[in-house]
$ cat structure12.pdb   # PDB, C-alpha atoms and all ligand atoms
ATOM      1  CA  MET O  12     -27.608  -5.152   3.526  1.00  0.00           C
ATOM      2  CA  SER O  13     -27.470  -1.384   4.004  1.00  0.00           C
ATOM      3  CA  HIS O  14     -24.117   0.217   4.619  1.00  0.00           C
ATOM      4  CA  PRO O  15     -23.104   3.552   6.110  1.00  0.00           C
ATOM      5  CA  ASN O  16     -22.129   6.472   3.974  1.00  0.00           C
ATOM      6  CA  LEU O  17     -18.419   6.084   3.206  1.00  0.00           C
ATOM      7  CA  LYS O  18     -15.971   8.781   2.167  1.00  0.00           C
ATOM      8  CA  LEU O  19     -12.252   8.087   1.793  1.00  0.00           C
ATOM      9  CA  ILE O  20      -9.919  11.020   2.337  1.00  0.00           C
ATOM     10  CA  SER O  21      -7.051  10.404  -0.033  1.00  0.00           C
ATOM     11  CA  PHE O  22      -3.802  11.489  -1.570  1.00  0.00           C
ATOM     12  CA  THR O  23      -3.190  10.279  -5.139  1.00  0.00           C
ATOM     13  CA  LEU O  24       0.112   8.456  -4.563  1.00  0.00           C
ATOM     14  CA  CYS O  25      -0.331   7.210  -1.010  1.00  0.00           C
ATOM     15  CA  PRO O  26       0.135   3.426  -0.741  1.00  0.00           C
ATOM     16  CA  TYR O  27      -1.769   3.332   2.560  1.00  0.00           C
ATOM     17  CA  VAL O  28      -4.767   5.029   0.967  1.00  0.00           C
ATOM     18  CA  GLN O  29      -4.609   2.448  -1.810  1.00  0.00           C
ATOM     19  CA  ARG O  30      -5.176  -0.354   0.685  1.00  0.00           C
ATOM     20  CA  ALA O  31      -8.476   1.188   1.755  1.00  0.00           C
ATOM     21  CA  ARG O  32      -9.513   1.864  -1.827  1.00  0.00           C
ATOM     22  CA  ILE O  33      -8.634  -1.694  -2.901  1.00  0.00           C
ATOM     23  CA  ILE O  34     -10.823  -3.263  -0.243  1.00  0.00           C
ATOM     24  CA  LEU O  35     -13.692  -0.846  -0.927  1.00  0.00           C
ATOM     25  CA  LEU O  36     -13.541  -1.860  -4.604  1.00  0.00           C
ATOM     26  CA  GLU O  37     -13.087  -5.547  -3.813  1.00  0.00           C
ATOM     27  CA  LYS O  38     -16.153  -5.487  -1.564  1.00  0.00           C
ATOM     28  CA  LYS O  39     -18.046  -3.413  -4.122  1.00  0.00           C
ATOM     29  CA  LEU O  40     -19.077  -0.877  -1.492  1.00  0.00           C
ATOM     30  CA  GLU O  41     -20.379   2.419  -2.716  1.00  0.00           C
ATOM     31  CA  HIS O  42     -18.050   5.212  -1.591  1.00  0.00           C
ATOM     32  CA  GLU O  43     -16.791   8.659  -2.378  1.00  0.00           C
ATOM     33  CA  VAL O  44     -13.112   9.631  -2.658  1.00  0.00           C
ATOM     34  CA  GLU O  45     -11.855  13.089  -1.746  1.00  0.00           C
ATOM     35  CA  PHE O  46      -8.281  13.945  -2.667  1.00  0.00           C
ATOM     36  CA  ILE O  47      -6.462  16.490  -0.547  1.00  0.00           C
ATOM     37  CA  ASP O  48      -3.142  18.227  -0.991  1.00  0.00           C
ATOM     38  CA  LEU O  49      -0.941  16.919   1.818  1.00  0.00           C
ATOM     39  CA  ASP O  50       1.298  19.998   1.549  1.00  0.00           C
ATOM     40  CA  MET O  51      -1.699  22.228   2.174  1.00  0.00           C
ATOM     41  CA  PRO O  52      -4.430  20.217   3.863  1.00  0.00           C
ATOM     42  CA  PRO O  53      -7.797  21.870   4.463  1.00  0.00           C
ATOM     43  CA  ASP O  54      -8.486  22.953   8.078  1.00  0.00           C
ATOM     44  CA  TRP O  55     -11.143  20.256   8.608  1.00  0.00           C
ATOM     45  CA  PHE O  56      -8.520  17.553   7.933  1.00  0.00           C
ATOM     46  CA  PHE O  57      -6.894  18.171  11.329  1.00  0.00           C
ATOM     47  CA  ASP O  58     -10.238  17.524  13.048  1.00  0.00           C
ATOM     48  CA  VAL O  59     -10.623  14.071  11.473  1.00  0.00           C
ATOM     49  CA  SER O  60      -6.980  12.956  11.363  1.00  0.00           C
ATOM     50  CA  PRO O  61      -5.210  13.182  14.740  1.00  0.00           C
ATOM     51  CA  LEU O  62      -2.005  11.808  13.190  1.00  0.00           C
ATOM     52  CA  GLU O  63      -2.386  14.299  10.300  1.00  0.00           C
ATOM     53  CA  ARG O  64      -2.146  11.506   7.759  1.00  0.00           C
ATOM     54  CA  VAL O  65      -4.251   9.895   5.085  1.00  0.00           C
ATOM     55  CA  PRO O  66      -6.128   7.642   4.724  1.00  0.00           C
ATOM     56  CA  VAL O  67      -9.104   8.660   6.796  1.00  0.00           C
ATOM     57  CA  LEU O  68     -12.454   6.976   6.272  1.00  0.00           C
ATOM     58  CA  LEU O  69     -15.501   9.038   7.122  1.00  0.00           C
ATOM     59  CA  VAL O  70     -18.280   6.677   8.152  1.00  0.00           C
ATOM     60  CA  ASP O  71     -21.514   8.654   8.320  1.00  0.00           C
ATOM     61  CA  GLU O  72     -19.219  11.582   9.268  1.00  0.00           C
ATOM     62  CA  GLU O  73     -17.392   9.622  12.005  1.00  0.00           C
ATOM     63  CA  ALA O  74     -13.669   9.376  11.321  1.00  0.00           C
ATOM     64  CA  VAL O  75     -11.566   6.205  11.254  1.00  0.00           C
ATOM     65  CA  PHE O  76      -7.829   6.521  10.596  1.00  0.00           C
ATOM     66  CA  GLU O  77      -4.904   4.102   9.968  1.00  0.00           C
ATOM     67  CA  SER O  78      -5.035   2.013   6.810  1.00  0.00           C
ATOM     68  CA  MET O  79      -5.279  -1.474   8.296  1.00  0.00           C
ATOM     69  CA  VAL O  80      -7.847  -0.363  10.880  1.00  0.00           C
ATOM     70  CA  ILE O  81      -9.915   1.011   8.012  1.00  0.00           C
ATOM     71  CA  CYS O  82      -9.455  -2.207   5.998  1.00  0.00           C
ATOM     72  CA  GLU O  83     -10.533  -4.362   8.934  1.00  0.00           C
ATOM     73  CA  PHE O  84     -13.575  -2.175   9.550  1.00  0.00           C
ATOM     74  CA  ILE O  85     -14.607  -2.436   5.897  1.00  0.00           C
ATOM     75  CA  ASP O  86     -13.999  -6.172   6.013  1.00  0.00           C
ATOM     76  CA  GLU O  87     -16.240  -6.553   9.078  1.00  0.00           C
ATOM     77  CA  ILE O  88     -19.176  -4.642   7.650  1.00  0.00           C
ATOM     78  CA  SER O  89     -19.127  -6.568   4.378  1.00  0.00           C
ATOM     79  CA  PRO O  90     -18.763 -10.328   4.842  1.00  0.00           C
ATOM     80  CA  PRO O  91     -17.356 -12.710   3.762  1.00  0.00           C
ATOM     81  CA  SER O  92     -14.086 -11.734   5.378  1.00  0.00           C
ATOM     82  CA  LEU O  93     -10.798 -11.436   3.515  1.00  0.00           C
ATOM     83  CA  TYR O  94      -9.197 -12.989   6.615  1.00  0.00           C
ATOM     84  CA  PRO O  95      -9.397 -16.708   7.420  1.00  0.00           C
ATOM     85  CA  ASN O  96     -11.613 -17.744  10.364  1.00  0.00           C
ATOM     86  CA  ASN O  97      -8.883 -19.724  12.095  1.00  0.00           C
ATOM     87  CA  PRO O  98      -7.346 -17.445  14.790  1.00  0.00           C
ATOM     88  CA  LEU O  99      -3.789 -18.663  14.197  1.00  0.00           C
ATOM     89  CA  LEU O 100      -4.016 -18.183  10.435  1.00  0.00           C
ATOM     90  CA  LYS O 101      -5.568 -14.761  10.989  1.00  0.00           C
ATOM     91  CA  ALA O 102      -2.708 -13.816  13.328  1.00  0.00           C
ATOM     92  CA  GLN O 103      -0.242 -15.012  10.680  1.00  0.00           C
ATOM     93  CA  TYR O 104      -1.937 -12.829   8.055  1.00  0.00           C
ATOM     94  CA  ARG O 105      -1.517  -9.847  10.385  1.00  0.00           C
ATOM     95  CA  ALA O 106       2.111 -10.738  11.049  1.00  0.00           C
ATOM     96  CA  TRP O 107       2.809 -10.805   7.307  1.00  0.00           C
ATOM     97  CA  ILE O 108       1.103  -7.447   6.945  1.00  0.00           C
ATOM     98  CA  ALA O 109       3.448  -6.058   9.631  1.00  0.00           C
ATOM     99  CA  LEU O 110       6.400  -7.393   7.631  1.00  0.00           C
ATOM    100  CA  GLY O 111       5.070  -5.649   4.516  1.00  0.00           C
ATOM    101  CA  ASP O 112       4.698  -2.409   6.532  1.00  0.00           C
ATOM    102  CA  SER O 113       8.353  -2.554   7.491  1.00  0.00           C
ATOM    103  CA  VAL O 114       9.388  -2.945   3.829  1.00  0.00           C
ATOM    104  CA  LEU O 115       7.149  -0.033   2.854  1.00  0.00           C
ATOM    105  CA  SER O 116       8.639   2.310   5.437  1.00  0.00           C
ATOM    106  CA  THR O 117      12.197   1.309   4.452  1.00  0.00           C
ATOM    107  CA  LEU O 118      11.258   1.992   0.837  1.00  0.00           C
ATOM    108  CA  TYR O 119      10.628   5.637   1.786  1.00  0.00           C
ATOM    109  CA  ASP O 120      14.185   5.761   3.183  1.00  0.00           C
ATOM    110  CA  LEU O 121      15.453   4.421  -0.133  1.00  0.00           C
ATOM    111  CA  MET O 122      13.397   6.853  -2.229  1.00  0.00           C
ATOM    112  CA  PHE O 123      14.550   9.944  -0.378  1.00  0.00           C
ATOM    113  CA  ALA O 124      18.088   9.023   0.726  1.00  0.00           C
ATOM    114  CA  SER O 125      20.654  11.617  -0.274  1.00  0.00           C
ATOM    115  CA  GLU O 126      23.597   9.720   1.204  1.00  0.00           C
ATOM    116  CA  GLU O 127      24.973   6.605  -0.438  1.00  0.00           C
ATOM    117  CA  SER O 128      25.298   4.754   2.896  1.00  0.00           C
ATOM    118  CA  ARG O 129      21.655   5.320   3.815  1.00  0.00           C
ATOM    119  CA  PHE O 130      20.523   4.306   0.353  1.00  0.00           C
ATOM    120  CA  LYS O 131      22.593   1.102   0.453  1.00  0.00           C
ATOM    121  CA  GLN O 132      21.354   0.213   3.920  1.00  0.00           C
ATOM    122  CA  ALA O 133      17.713   0.655   2.859  1.00  0.00           C
ATOM    123  CA  LYS O 134      18.225  -1.321  -0.352  1.00  0.00           C
ATOM    124  CA  GLY O 135      19.963  -4.154   1.530  1.00  0.00           C
ATOM    125  CA  SER O 136      17.208  -4.292   4.113  1.00  0.00           C
ATOM    126  CA  ILE O 137      14.467  -4.415   1.444  1.00  0.00           C
ATOM    127  CA  ILE O 138      16.272  -7.164  -0.505  1.00  0.00           C
ATOM    128  CA  ASP O 139      16.811  -9.183   2.715  1.00  0.00           C
ATOM    129  CA  ARG O 140      13.127  -8.940   3.626  1.00  0.00           C
ATOM    130  CA  LEU O 141      12.025  -9.884   0.109  1.00  0.00           C
ATOM    131  CA  ASP O 142      14.303 -12.942   0.428  1.00  0.00           C
ATOM    132  CA  VAL O 143      12.531 -13.899   3.652  1.00  0.00           C
ATOM    133  CA  ILE O 144       9.164 -13.504   1.945  1.00  0.00           C
ATOM    134  CA  GLU O 145      10.390 -15.602  -1.013  1.00  0.00           C
ATOM    135  CA  GLU O 146      11.325 -18.429   1.364  1.00  0.00           C
ATOM    136  CA  GLU O 147       8.055 -18.322   3.275  1.00  0.00           C
ATOM    137  CA  LEU O 148       5.701 -17.904   0.324  1.00  0.00           C
ATOM    138  CA  ASP O 149       4.127 -21.264  -0.431  1.00  0.00           C
ATOM    139  CA  ALA O 150       1.051 -20.486  -2.521  1.00  0.00           C
ATOM    140  CA  SER O 151       0.168 -18.791  -5.805  1.00  0.00           C
ATOM    141  CA  PRO O 152      -0.997 -16.663  -7.490  1.00  0.00           C
ATOM    142  CA  PHE O 153      -1.885 -14.834  -4.249  1.00  0.00           C
ATOM    143  CA  TYR O 154      -0.538 -15.089  -0.708  1.00  0.00           C
ATOM    144  CA  ALA O 155      -3.018 -17.805   0.261  1.00  0.00           C
ATOM    145  CA  GLY O 156      -3.651 -19.314  -3.168  1.00  0.00           C
ATOM    146  CA  GLU O 157      -6.488 -18.672  -5.601  1.00  0.00           C
ATOM    147  CA  LYS O 158      -8.419 -16.253  -3.380  1.00  0.00           C
ATOM    148  CA  PHE O 159      -7.397 -12.603  -3.110  1.00  0.00           C
ATOM    149  CA  GLY O 160      -7.219 -11.853   0.634  1.00  0.00           C
ATOM    150  CA  MET O 161      -6.190  -9.271   3.220  1.00  0.00           C
ATOM    151  CA  VAL O 162      -2.443  -9.883   2.859  1.00  0.00           C
ATOM    152  CA  ASP O 163      -2.788  -9.169  -0.867  1.00  0.00           C
ATOM    153  CA  VAL O 164      -4.728  -5.976  -0.103  1.00  0.00           C
ATOM    154  CA  ALA O 165      -1.925  -4.814   2.189  1.00  0.00           C
ATOM    155  CA  TYR O 166       0.977  -5.769  -0.101  1.00  0.00           C
ATOM    156  CA  ALA O 167      -0.414  -4.662  -3.471  1.00  0.00           C
ATOM    157  CA  PRO O 168       0.476  -0.946  -3.000  1.00  0.00           C
ATOM    158  CA  LEU O 169       3.981  -1.930  -1.867  1.00  0.00           C
ATOM    159  CA  PHE O 170       4.321  -4.033  -5.012  1.00  0.00           C
ATOM    160  CA  ARG O 171       3.112  -1.106  -7.120  1.00  0.00           C
ATOM    161  CA  TYR O 172       5.902   1.045  -5.627  1.00  0.00           C
ATOM    162  CA  LEU O 173       8.568  -1.665  -6.085  1.00  0.00           C
ATOM    163  CA  ILE O 174       7.576  -2.412  -9.691  1.00  0.00           C
ATOM    164  CA  GLY O 175       7.173   1.299 -10.493  1.00  0.00           C
ATOM    165  CA  ILE O 176      10.690   2.016  -9.209  1.00  0.00           C
ATOM    166  CA  SER O 177      12.216  -1.034 -10.946  1.00  0.00           C
ATOM    167  CA  SER O 178      10.727   0.054 -14.278  1.00  0.00           C
ATOM    168  CA  ALA O 179      12.169   3.583 -14.170  1.00  0.00           C
ATOM    169  CA  PHE O 180      15.432   3.200 -12.246  1.00  0.00           C
ATOM    170  CA  ASP O 181      18.397   0.909 -12.496  1.00  0.00           C
ATOM    171  CA  ILE O 182      17.406  -1.145  -9.488  1.00  0.00           C
ATOM    172  CA  ASN O 183      15.805  -4.576  -9.610  1.00  0.00           C
ATOM    173  CA  PHE O 184      14.187  -5.677  -6.384  1.00  0.00           C
ATOM    174  CA  PHE O 185      12.995  -8.937  -7.899  1.00  0.00           C
ATOM    175  CA  ALA O 186      16.172 -10.417  -9.439  1.00  0.00           C
ATOM    176  CA  ASP O 187      16.435 -13.234  -6.864  1.00  0.00           C
ATOM    177  CA  VAL O 188      12.822 -13.568  -5.767  1.00  0.00           C
ATOM    178  CA  PRO O 189      10.837 -14.991  -8.723  1.00  0.00           C
ATOM    179  CA  ASN O 190       7.916 -16.141  -6.583  1.00  0.00           C
ATOM    180  CA  VAL O 191       7.511 -12.734  -4.944  1.00  0.00           C
ATOM    181  CA  HIS O 192       7.698 -11.198  -8.418  1.00  0.00           C
ATOM    182  CA  ALA O 193       4.933 -13.480  -9.693  1.00  0.00           C
ATOM    183  CA  TRP O 194       2.819 -12.654  -6.626  1.00  0.00           C
ATOM    184  CA  ALA O 195       3.417  -8.915  -7.141  1.00  0.00           C
ATOM    185  CA  GLN O 196       2.420  -9.159 -10.798  1.00  0.00           C
ATOM    186  CA  ALA O 197      -0.740 -11.128  -9.964  1.00  0.00           C
ATOM    187  CA  CYS O 198      -1.729  -8.434  -7.455  1.00  0.00           C
ATOM    188  CA  LEU O 199      -1.139  -5.599  -9.940  1.00  0.00           C
ATOM    189  CA  ASP O 200      -3.217  -7.420 -12.569  1.00  0.00           C
ATOM    190  CA  TYR O 201      -6.120  -7.887 -10.145  1.00  0.00           C
ATOM    191  CA  PRO O 202      -9.096  -5.611 -11.029  1.00  0.00           C
ATOM    192  CA  ALA O 203      -9.591  -4.001  -7.585  1.00  0.00           C
ATOM    193  CA  VAL O 204      -5.870  -3.192  -7.449  1.00  0.00           C
ATOM    194  CA  LYS O 205      -5.752  -1.851 -11.012  1.00  0.00           C
ATOM    195  CA  ASP O 206      -8.739   0.415 -10.382  1.00  0.00           C
ATOM    196  CA  ALA O 207      -7.470   1.724  -7.041  1.00  0.00           C
ATOM    197  CA  VAL O 208      -5.307   4.451  -8.577  1.00  0.00           C
ATOM    198  CA  ILE O 209      -5.902   7.322 -10.966  1.00  0.00           C
ATOM    199  CA  ASP O 210      -5.057   6.886 -14.688  1.00  0.00           C
ATOM    200  CA  THR O 211      -2.031   9.172 -14.461  1.00  0.00           C
ATOM    201  CA  TYR O 212      -0.627   7.375 -11.405  1.00  0.00           C
ATOM    202  CA  GLN O 213       2.720   6.198 -12.881  1.00  0.00           C
ATOM    203  CA  THR O 214       3.500   9.615 -14.405  1.00  0.00           C
ATOM    204  CA  GLU O 215       2.690  11.344 -11.108  1.00  0.00           C
ATOM    205  CA  PHE O 216       4.688   8.753  -9.159  1.00  0.00           C
ATOM    206  CA  LEU O 217       7.777   9.328 -11.307  1.00  0.00           C
ATOM    207  CA  ALA O 218       7.373  13.111 -10.991  1.00  0.00           C
ATOM    208  CA  PHE O 219       7.154  12.663  -7.201  1.00  0.00           C
ATOM    209  CA  LEU O 220      10.461  10.749  -7.283  1.00  0.00           C
ATOM    210  CA  ASP O 221      12.166  13.287  -9.528  1.00  0.00           C
ATOM    211  CA  ARG O 222      14.368  14.936  -6.891  1.00  0.00           C
ATOM    212  CA  PRO O 223      17.852  16.023  -7.927  1.00  0.00           C
ATOM    213  CA  ASP O 224      19.349  15.492  -4.475  1.00  0.00           C
ATOM    214  CA  THR O 225      18.542  11.786  -4.068  1.00  0.00           C
ATOM    215  CA  ILE O 226      20.721   8.767  -4.810  1.00  0.00           C
ATOM    216  CA  LEU O 227      17.746   7.134  -6.525  1.00  0.00           C
ATOM    217  CA  SER O 228      17.620   9.945  -9.131  1.00  0.00           C
ATOM    218  CA  THR O 229      21.205   9.107 -10.195  1.00  0.00           C
ATOM    219  CA  LEU O 230      19.948   5.634 -11.184  1.00  0.00           C
ATOM    220  CA  LYS O 231      17.311   6.898 -13.622  1.00  0.00           C
ATOM    221  CA  LYS O 232      17.192   4.772 -16.793  1.00  0.00           C
TER     222      LYS O 232
HETATM  223  N1  LIG O 301       0.434   4.068   9.367  1.00  0.00           N
HETATM  224  C1  LIG O 301      -0.336   4.926   8.517  1.00  0.00           C
HETATM  225  C2  LIG O 301       0.589   5.605   7.528  1.00  0.00           C
HETATM  226  C3  LIG O 301      -0.150   6.650   6.676  1.00  0.00           C
HETATM  227  C4  LIG O 301       0.823   7.638   6.025  1.00  0.00           C
HETATM  228  O1  LIG O 301       2.025   7.638   6.303  1.00  0.00           O
HETATM  229  N2  LIG O 301       0.265   8.465   5.149  1.00  0.00           N
HETATM  230  C5  LIG O 301       1.082   9.514   4.550  1.00  0.00           C
HETATM  231  C6  LIG O 301       0.841   9.618   3.053  1.00  0.00           C
HETATM  232  S1  LIG O 301       1.310   8.174   2.186  1.00  0.00           S
HETATM  233  C7  LIG O 301       0.687  10.862   5.129  1.00  0.00           C
HETATM  234  O2  LIG O 301      -0.478  11.156   5.260  1.00  0.00           O
HETATM  235  N3  LIG O 301       1.674  11.690   5.456  1.00  0.00           N
HETATM  236  C8  LIG O 301       1.442  13.015   5.975  1.00  0.00           C
HETATM  237  C9  LIG O 301       2.244  14.059   5.273  1.00  0.00           C
HETATM  238  O3  LIG O 301       2.966  13.729   4.344  1.00  0.00           O
HETATM  239  O4  LIG O 301       2.114  15.208   5.655  1.00  0.00           O
HETATM  240  C10 LIG O 301      -1.431   4.099   7.834  1.00  0.00           C
HETATM  241  O5  LIG O 301      -1.236   2.884   7.682  1.00  0.00           O
HETATM  242  O6  LIG O 301      -2.482   4.662   7.489  1.00  0.00           O
END
$ encode --input "structure12.pdb" --output "structure tokens" --more "lines below"
Ligand SMILES: N[C@@H](CCC(=O)N[C@@H](CS)C(=O)NCC(=O)O)C(=O)O
Amino acid sequence: MSHPNLKLISFTLCPYVQRARIILLEKKLEHEVEFIDLDMPPDWFFDVSPLERVPVLLVDEEAVFESMVICEFIDEISPPSLYPNNPLLKAQYRAWIALGDSVLSTLYDLMFASEESRFKQAKGSIIDRLDVIEEELDASPFYAGEKFGMVDVAYAPLFRYLIGISSAFDINFFADVPNVHAWAQACLDYPAVKDAVIDTYQTEFLAFLDRPDTILSTLKK
């Protein structure tokens, strides 16, 4: 089957970009990746990204933005789908992805909080949500069992952030959620997830978090 020309507009550390890259790799679709500097984006970026965010997927020069919209588009043009056919199950996948989105945005609060109260609130909220996920998770190694699917695509970059932070700072998100931890590890060991970031990712991620004014930086190991 012939596919359109695909170019992913990226930023090295962006977890949302990673989702798009993971599914492109998983579906083995030929594509190009262009990294931009989000602090100084090129002028053309504003023409293709109305929300001024990455990822953007250029499809034969037409722009698609928002990570899950991009993932669903890629999924549709390259069957078989990473979603189940059953409408209820598919809706449940999407609901879980929304839950993962909420953890990801709270994680940004935690990473950049300069007040103890804000940091604690974010940490508490993340731990509470991971507890909910632990209770609901009923398959392994991936969300739906043996097959890597769309929920795994969406959560893998979140897991990379959580594990990356746990390894460098005195904060363990996984102490009471062994099943979520095993799921996270399985995702990070999966080839399309491994290959979705640049070789120097962890070093760059830690440099990105190295901010003297944050509570997180006081927890550096
Ligand atoms: N909801 C969006 C979120 C994308 C997003 O927040 N991207 C960040 C980078 S990780 C961004 O481009 N931020 C713009 C900036 O930092 O100027 C999606 O799922 O694609």
$ residues_near_ligand --input "structure12.pdb" --ligand "ligand LIG 301 (chain O)" --cutoff "8 Å" --atoms "all atoms listed in the file" --output "ChimeraX atom specification"
/O:22,24-28,49-50,63-67,76-79
$ residues_around --input "structure12.pdb" --residues "Ala74 of chain O" --least-positions-apart "5" --cutoff "6 Å" --atoms "all atoms listed in the file" --output "ChimeraX atom specification"
/O:59,68-69
$ closest_residue --input "structure12.pdb" --among "O:Ile176, O:Ile20, O:Met122, O:Val70" --to "Arg222 of chain O" --atoms "only C-alpha atoms"
O:Met122
$ residues_around --input "structure12.pdb" --residues "Glu126 of chain O" --least-positions-apart "6" --cutoff "12 Å" --atoms "all atoms listed in the file" --output "number ranges by chain"
O: 120, 132-133, 224-229
$ resolve_selection --input "structure12.pdb" --expression "the PyMOL selection byres (((chain O and resi 153) around 10) and not hetatm)" --output "ChimeraX atom specification"
/O:148-152,154-160,162-163,191,193-198
